[in-house]
>>> print(open('coords-v8.pdb').read())   # PDB, C-alpha atoms
ATOM      1  CA  MET Q   1     115.492  96.132  87.506
ATOM      2  CA  LEU Q   2     112.179  97.942  87.005
ATOM      3  CA  GLY Q   3     111.261  97.212  90.623
ATOM      4  CA  LEU Q   4     114.505  98.799  91.837
ATOM      5  CA  ILE Q   5     113.750 101.952  89.828
ATOM      6  CA  PHE Q   6     110.246 102.208  91.330
ATOM      7  CA  ILE Q   7     111.726 101.891  94.816
ATOM      8  CA  SER Q   8     114.714 104.196  94.312
ATOM      9  CA  VAL Q   9     112.945 107.158  92.636
ATOM     10  CA  PRO Q  10     110.737 108.069  95.657
ATOM     11  CA  LEU Q  11     113.730 107.594  97.967
ATOM     12  CA  TYR Q  12     115.782 109.951  95.808
ATOM     13  CA  PHE Q  13     113.117 112.687  95.909
ATOM     14  CA  ARG Q  14     112.762 112.337  99.700
ATOM     15  CA  PHE Q  15     116.555 112.487 100.127
ATOM     16  CA  ALA Q  16     116.808 115.542  97.835
ATOM     17  CA  GLY Q  17     113.992 117.306  99.708
ATOM     18  CA  ASN Q  18     115.584 116.615 103.093
ATOM     19  CA  GLN Q  19     118.974 117.830 101.845
ATOM     20  CA  ARG Q  20     117.471 121.060 100.494
ATOM     21  CA  ASN Q  21     115.613 121.719 103.751
ATOM     22  CA  GLU Q  22     118.750 121.052 105.819
ATOM     23  CA  GLN Q  23     120.761 123.431 103.631
ATOM     24  CA  MET Q  24     118.192 126.202 104.038
ATOM     25  CA  ILE Q  25     118.065 125.666 107.808
ATOM     26  CA  GLN Q  26     121.864 125.810 108.054
ATOM     27  CA  GLU Q  27     122.059 128.999 105.978
ATOM     28  CA  PHE Q  28     119.268 130.589 107.990
ATOM     29  CA  GLN Q  29     121.001 129.706 111.265
ATOM     30  CA  LYS Q  30     124.286 131.068 109.913
ATOM     31  CA  ILE Q  31     122.651 134.405 109.084
ATOM     32  CA  VAL Q  32     121.036 134.592 112.543
ATOM     33  CA  GLU Q  33     124.383 133.836 114.226
ATOM     34  CA  GLU Q  34     126.134 136.494 112.124
ATOM     35  CA  LYS Q  35     123.503 139.079 113.075
ATOM     36  CA  GLU Q  36     123.893 138.219 116.757
ATOM     37  CA  HIS Q  37     127.681 138.514 116.427
ATOM     38  CA  GLU Q  38     127.331 141.909 114.714
ATOM     39  CA  GLU Q  39     125.056 143.148 117.518
ATOM     40  CA  GLU Q  40     127.563 142.000 120.148
ATOM     41  CA  GLN Q  41     130.374 143.822 118.352
ATOM     42  CA  GLU Q  42     128.282 146.986 118.061
ATOM     43  CA  GLU Q  43     127.526 146.837 121.793
ATOM     44  CA  ASP Q  44     131.273 146.562 122.453
ATOM     45  CA  GLY Q  45     131.910 149.601 120.226
ATOM     46  CA  GLN Q  46     133.563 147.586 117.464
ATOM     47  CA  GLU Q  47     132.706 147.988 113.805
ATOM     48  CA  ALA Q  48     131.084 144.809 112.589
ATOM     49  CA  PRO Q  49     132.611 143.356 109.424
ATOM     50  CA  GLU Q  50     130.280 142.653 106.528
ATOM     51  CA  ALA Q  51     129.136 139.046 106.507
ATOM     52  CA  ALA Q  52     130.168 137.258 103.336
ATOM     53  CA  LEU Q  53     127.938 134.556 101.932
ATOM     54  CA  SER Q  54     129.383 132.034  99.543
ATOM     55  CA  GLU Q  55     127.958 132.063  96.005
ATOM     56  CA  GLU Q  56     126.232 128.746  96.677
ATOM     57  CA  ASP Q  57     124.650 130.049  99.908
ATOM     58  CA  ALA Q  58     123.511 133.263  98.234
ATOM     59  CA  ALA Q  59     121.969 131.289  95.353
ATOM     60  CA  THR Q  60     120.058 129.063  97.782
ATOM     61  CA  LEU Q  61     118.614 132.007  99.669
ATOM     62  CA  ALA Q  62     117.875 133.936  96.465
ATOM     63  CA  LYS Q  63     115.672 131.143  95.107
ATOM     64  CA  ALA Q  64     113.623 130.914  98.285
ATOM     65  CA  GLU Q  65     113.342 133.699 100.844
ATOM     66  CA  VAL Q  66     113.733 131.925 104.177
ATOM     67  CA  ILE Q  67     112.109 134.025 106.900
ATOM     68  CA  GLY Q  68     112.194 131.598 109.798
ATOM     69  CA  LEU Q  69     112.085 128.098 111.186
ATOM     70  CA  ILE Q  70     109.177 126.043 112.467
ATOM     71  CA  GLU Q  71     109.678 123.234 114.957
ATOM     72  CA  ILE Q  72     106.983 120.927 116.289
ATOM     73  CA  GLU Q  73     108.560 118.573 118.799
ATOM     74  CA  LYS Q  74     105.530 116.292 119.033
ATOM     75  CA  LEU Q  75     105.643 115.617 115.276
ATOM     76  CA  ASP Q  76     109.460 115.554 115.139
ATOM     77  CA  ILE Q  77     109.586 118.171 112.383
ATOM     78  CA  LYS Q  78     111.853 121.132 111.720
ATOM     79  CA  TYR Q  79     111.391 123.062 108.474
ATOM     80  CA  ALA Q  80     112.446 126.318 106.920
ATOM     81  CA  VAL Q  81     109.618 128.861 106.644
ATOM     82  CA  LEU Q  82     109.592 130.607 103.255
ATOM     83  CA  GLU Q  83     107.894 133.853 102.247
ATOM     84  CA  GLY Q  84     105.149 132.810  99.877
ATOM     85  CA  ALA Q  85     103.114 129.694  99.297
ATOM     86  CA  ASP Q  86     103.474 128.882  95.616
ATOM     87  CA  SER Q  87     104.331 125.398  94.383
ATOM     88  CA  TYR Q  88     108.096 125.991  94.599
ATOM     89  CA  ASP Q  89     107.940 127.375  98.147
ATOM     90  CA  LEU Q  90     105.813 124.455  99.340
ATOM     91  CA  SER Q  91     108.132 121.939  97.690
ATOM     92  CA  CYS Q  92     111.007 123.364  99.764
ATOM     93  CA  GLY Q  93     109.437 123.905 103.162
ATOM     94  CA  ILE Q  94     106.544 125.602 104.917
ATOM     95  CA  GLY Q  95     105.094 128.703 103.252
ATOM     96  CA  HIS Q  96     104.070 131.970 104.919
ATOM     97  CA  ILE Q  97     100.882 133.278 103.325
ATOM     98  CA  PRO Q  98     101.485 136.847 102.064
ATOM     99  CA  ASP Q  99      99.361 139.605 103.610
ATOM    100  CA  THR Q 100      99.153 137.809 106.949
ATOM    101  CA  ALA Q 101     101.048 138.776 110.108
ATOM    102  CA  GLY Q 102     104.737 137.920 110.316
ATOM    103  CA  ILE Q 103     106.285 135.573 112.847
ATOM    104  CA  GLY Q 104     105.633 136.917 116.349
ATOM    105  CA  GLU Q 105     103.728 139.961 115.088
ATOM    106  CA  SER Q 106     100.279 141.046 116.248
ATOM    107  CA  GLY Q 107      97.651 139.514 114.022
ATOM    108  CA  ASN Q 108      97.207 136.126 112.397
ATOM    109  CA  CYS Q 109     100.377 134.511 111.012
ATOM    110  CA  VAL Q 110      99.262 131.852 108.518
ATOM    111  CA  LEU Q 111     101.627 129.050 107.508
ATOM    112  CA  ALA Q 112     100.792 126.429 104.873
ATOM    113  CA  GLY Q 113     102.385 123.085 104.197
ATOM    114  CA  HIS Q 114     101.782 120.035 102.034
ATOM    115  CA  ARG Q 115     100.114 117.006 103.595
ATOM    116  CA  GLY Q 116     103.264 115.118 102.732
ATOM    117  CA  SER Q 117     104.889 114.938  99.315
ATOM    118  CA  ARG Q 118     107.698 113.128  97.578
ATOM    119  CA  TYR Q 119     110.091 115.740  99.031
ATOM    120  CA  GLY Q 120     109.160 115.340 102.704
ATOM    121  CA  THR Q 121     106.479 114.786 105.333
ATOM    122  CA  TYR Q 122     105.811 118.523 105.957
ATOM    123  CA  PHE Q 123     102.366 118.783 107.630
ATOM    124  CA  LYS Q 124     101.393 115.141 106.976
ATOM    125  CA  TYR Q 125     100.733 114.429 110.661
ATOM    126  CA  LEU Q 126      99.269 117.819 111.581
ATOM    127  CA  ASN Q 127      96.002 116.102 112.545
ATOM    128  CA  GLN Q 128      97.848 114.412 115.435
ATOM    129  CA  LEU Q 129      98.256 117.718 117.264
ATOM    130  CA  GLU Q 130      96.099 118.226 120.340
ATOM    131  CA  GLU Q 131      95.045 121.167 122.470
ATOM    132  CA  GLY Q 132      98.029 122.358 124.504
ATOM    133  CA  ASP Q 133     100.737 121.112 122.112
ATOM    134  CA  VAL Q 134     103.460 123.675 121.437
ATOM    135  CA  ILE Q 135     104.819 125.043 118.138
ATOM    136  CA  LYS Q 136     108.109 126.951 118.120
ATOM    137  CA  LEU Q 137     108.891 129.605 115.515
ATOM    138  CA  THR Q 138     112.206 131.434 115.099
ATOM    139  CA  ASP Q 139     112.409 134.652 113.074
ATOM    140  CA  LYS Q 140     115.325 136.177 111.118
ATOM    141  CA  GLU Q 141     116.557 138.017 114.200
ATOM    142  CA  GLY Q 142     116.882 134.739 116.073
ATOM    143  CA  GLU Q 143     113.932 135.575 118.328
ATOM    144  CA  GLN Q 144     111.867 132.570 119.351
ATOM    145  CA  PHE Q 145     108.086 132.499 119.701
ATOM    146  CA  PHE Q 146     106.049 129.694 121.198
ATOM    147  CA  TYR Q 147     102.430 129.041 120.278
ATOM    148  CA  GLU Q 148      99.963 126.688 121.921
ATOM    149  CA  VAL Q 149      97.396 124.687 119.958
ATOM    150  CA  GLU Q 150      93.863 125.824 120.807
ATOM    151  CA  SER Q 151      91.613 124.215 118.210
ATOM    152  CA  MET Q 152      91.436 122.251 114.974
ATOM    153  CA  GLU Q 153      88.781 122.277 112.260
ATOM    154  CA  VAL Q 154      88.177 121.269 108.657
ATOM    155  CA  VAL Q 155      86.981 123.980 106.256
ATOM    156  CA  GLY Q 156      86.266 124.330 102.559
ATOM    157  CA  PRO Q 157      89.126 124.968 100.126
ATOM    158  CA  TYR Q 158      87.978 128.549  99.426
ATOM    159  CA  ASP Q 159      87.316 129.608 103.023
ATOM    160  CA  ASN Q 160      89.409 132.802 103.259
ATOM    161  CA  SER Q 161      88.378 133.444 106.867
ATOM    162  CA  VAL Q 162      91.462 131.456 107.905
ATOM    163  CA  LYS Q 163      93.486 134.561 106.922
ATOM    164  CA  ASP Q 164      91.358 137.026 108.922
ATOM    165  CA  GLN Q 165      93.437 139.462 110.936
ATOM    166  CA  GLY Q 166      92.882 140.910 114.412
ATOM    167  CA  GLU Q 167      94.790 142.435 117.309
ATOM    168  CA  ASP Q 168      95.663 139.145 119.030
ATOM    169  CA  THR Q 169      98.928 137.385 118.195
ATOM    170  CA  ILE Q 170      97.883 134.028 116.770
ATOM    171  CA  LEU Q 171      99.233 131.344 114.460
ATOM    172  CA  THR Q 172      97.214 129.367 111.926
ATOM    173  CA  LEU Q 173      98.617 126.192 110.378
ATOM    174  CA  LEU Q 174      96.992 125.044 107.157
ATOM    175  CA  THR Q 175      97.198 121.851 105.112
ATOM    176  CA  CYS Q 176      95.062 119.671 102.847
ATOM    177  CA  GLU Q 177      92.375 117.317 104.091
ATOM    178  CA  ASN Q 178      90.178 114.682 102.449
ATOM    179  CA  ASN Q 179      92.472 114.165  99.423
ATOM    180  CA  GLY Q 180      92.859 117.901  98.826
ATOM    181  CA  THR Q 181      89.142 118.694  98.672
ATOM    182  CA  MET Q 182      89.111 120.363 102.111
ATOM    183  CA  ARG Q 183      91.552 122.197 104.391
ATOM    184  CA  LEU Q 184      92.676 121.246 107.891
ATOM    185  CA  ILE Q 185      93.166 124.339 110.076
ATOM    186  CA  VAL Q 186      95.038 124.401 113.386
ATOM    187  CA  LYS Q 187      94.590 127.591 115.438
ATOM    188  CA  CYS Q 188      97.238 128.501 118.016
ATOM    189  CA  SER Q 189      97.716 131.360 120.476
ATOM    190  CA  VAL Q 190     101.062 132.864 121.467
ATOM    191  CA  LEU Q 191     102.440 131.775 124.831
ATOM    192  CA  GLU Q 192     103.242 134.844 126.912
ATOM    193  CA  ASN Q 193     104.415 132.856 129.946
ATOM    194  CA  LEU Q 194     106.883 130.151 128.955
ATOM    195  CA  SER Q 195     107.640 128.878 132.481
ATOM    196  CA  ALA Q 196     105.224 125.978 132.054
ATOM    197  CA  TYR Q 197     106.854 124.940 128.776
ATOM    198  CA  GLU Q 198     110.463 125.466 129.815
TER     199      GLU Q 198
END
>>> encode(input="coords-v8.pdb", output="structure tokens")
Amino acid sequence: MLGLIFISVPLYFRFAGNQRNEQMIQEFQKIVEEKEHEEEQEEDGQEAPEAALSEEDAATLAKAEVIGLIEIEKLDIKYAVLEGADSYDLSCGIGHIPDTAGIGESGNCVLAGHRGSRYGTYFKYLNQLEEGDVIKLTDKEGEQFFYEVESMEVVGPYDNSVKDQGEDTILTLLTCENNGTMRLIVKCSVLENLSAYE
């Protein structure tokens, strides 16, 4: 009986984490679709009706501000991107570090994720990325941005240079390394020409 409990508890947390992430992704996609529909109606000269969120949907989005989606095909991951990187945000999905560039904006957009947890894999296999691998981000407007991995390095836990801003549009992915004593940093540049990827 005790053995069954030890086995079932981690499975429950993983299931709950996956369910929460799926719900946030679905609600995010619903909002994006509603915005696109409103824009189409406005272009046709129709007045767009106000989109109504259910109480459950509104509560989900109120707890965690979902600002986008991250997809890394090579690692078979798709997670909601939340504004903020506190313990709650990182238990739900991937966190956007405040005071860094937004998705697709000029500057350095920094996203942090756990190196796996009881709620999901998150950035557990980030070290398997290689130069040239592609990361896809989708913002609240439904616009998609593709970034290409350029480099990977391990830095100290208090190295704030990972958040440095500039004029170039870049993406920095951040997770733990060496049992949380260091940080693994993956630097990516935005892909202007997608013909090679598509």
>>> resolve_selection(input="coords-v8.pdb", expression="the PyMOL selection byres ((chain Q and resi 102-105) around 7)", output="ChimeraX atom specification")
/Q:100-101,106-107,109,139,145,169
>>> residues_near_point(input="coords-v8.pdb", point="(104.5, 113.9, 102.5)", cutoff="12 Å", atoms="only C-alpha atoms", output="ChimeraX atom specification")
/Q:10,13-14,17-18,77,90-93,113-126,175-176
>>> atom_distance(input="coords-v8.pdb", atom1="atom CA of Q:Asp159", atom2="atom CA of Q:Met182")
9.5 Å
>>> resolve_selection(input="coords-v8.pdb", expression="the PyMOL selection byres ((chain Q and resi 21) around 9)", output="ChimeraX atom specification")
/Q:16-20,22-26,78-80,92-93
>>> residues_around(input="coords-v8.pdb", residues="Q:Ser151", least_positions_apart="3", cutoff="8 Å", atoms="only C-alpha atoms", output="list in words")
Glu130, Glu131, Val186, Lys187 and Cys188 of chain Q
>>> resolve_selection(input="coords-v8.pdb", expression="the PyMOL selection byres ((chain Q and resi 67) around 7)", output="PyMOL selection string")
chain Q and resi 65-66+68+81-83+139-140
>>> residues_around(input="coords-v8.pdb", residues="Q:Thr181", least_positions_apart="4", cutoff="10 Å", atoms="only C-alpha atoms", output="list in words")
Val155, Gly156, Pro157, Tyr158, Cys176 and Glu177 of chain Q
>>> axis_aligned_box(input="coords-v8.pdb", around="stretch 63-79 of chain Q", padding_each_side="6 Å", output="JSON")
{"center_x": 110.6, "center_y": 124.8, "center_z": 107.1, "size_x": 22.1, "size_y": 30.5, "size_z": 35.9}
>>> residues_around(input="coords-v8.pdb", residues="Q:Leu191", least_positions_apart="5", cutoff="7 Å", atoms="all atoms listed in the file", output="ChimeraX atom specification")
/Q:146-148
>>> closest_residue(input="coords-v8.pdb", among="Q:Ile94, Q:Ile31, Q:Val134, Q:Val110", to="Q:Ile185", atoms="all atoms listed in the file")
Q:Val110
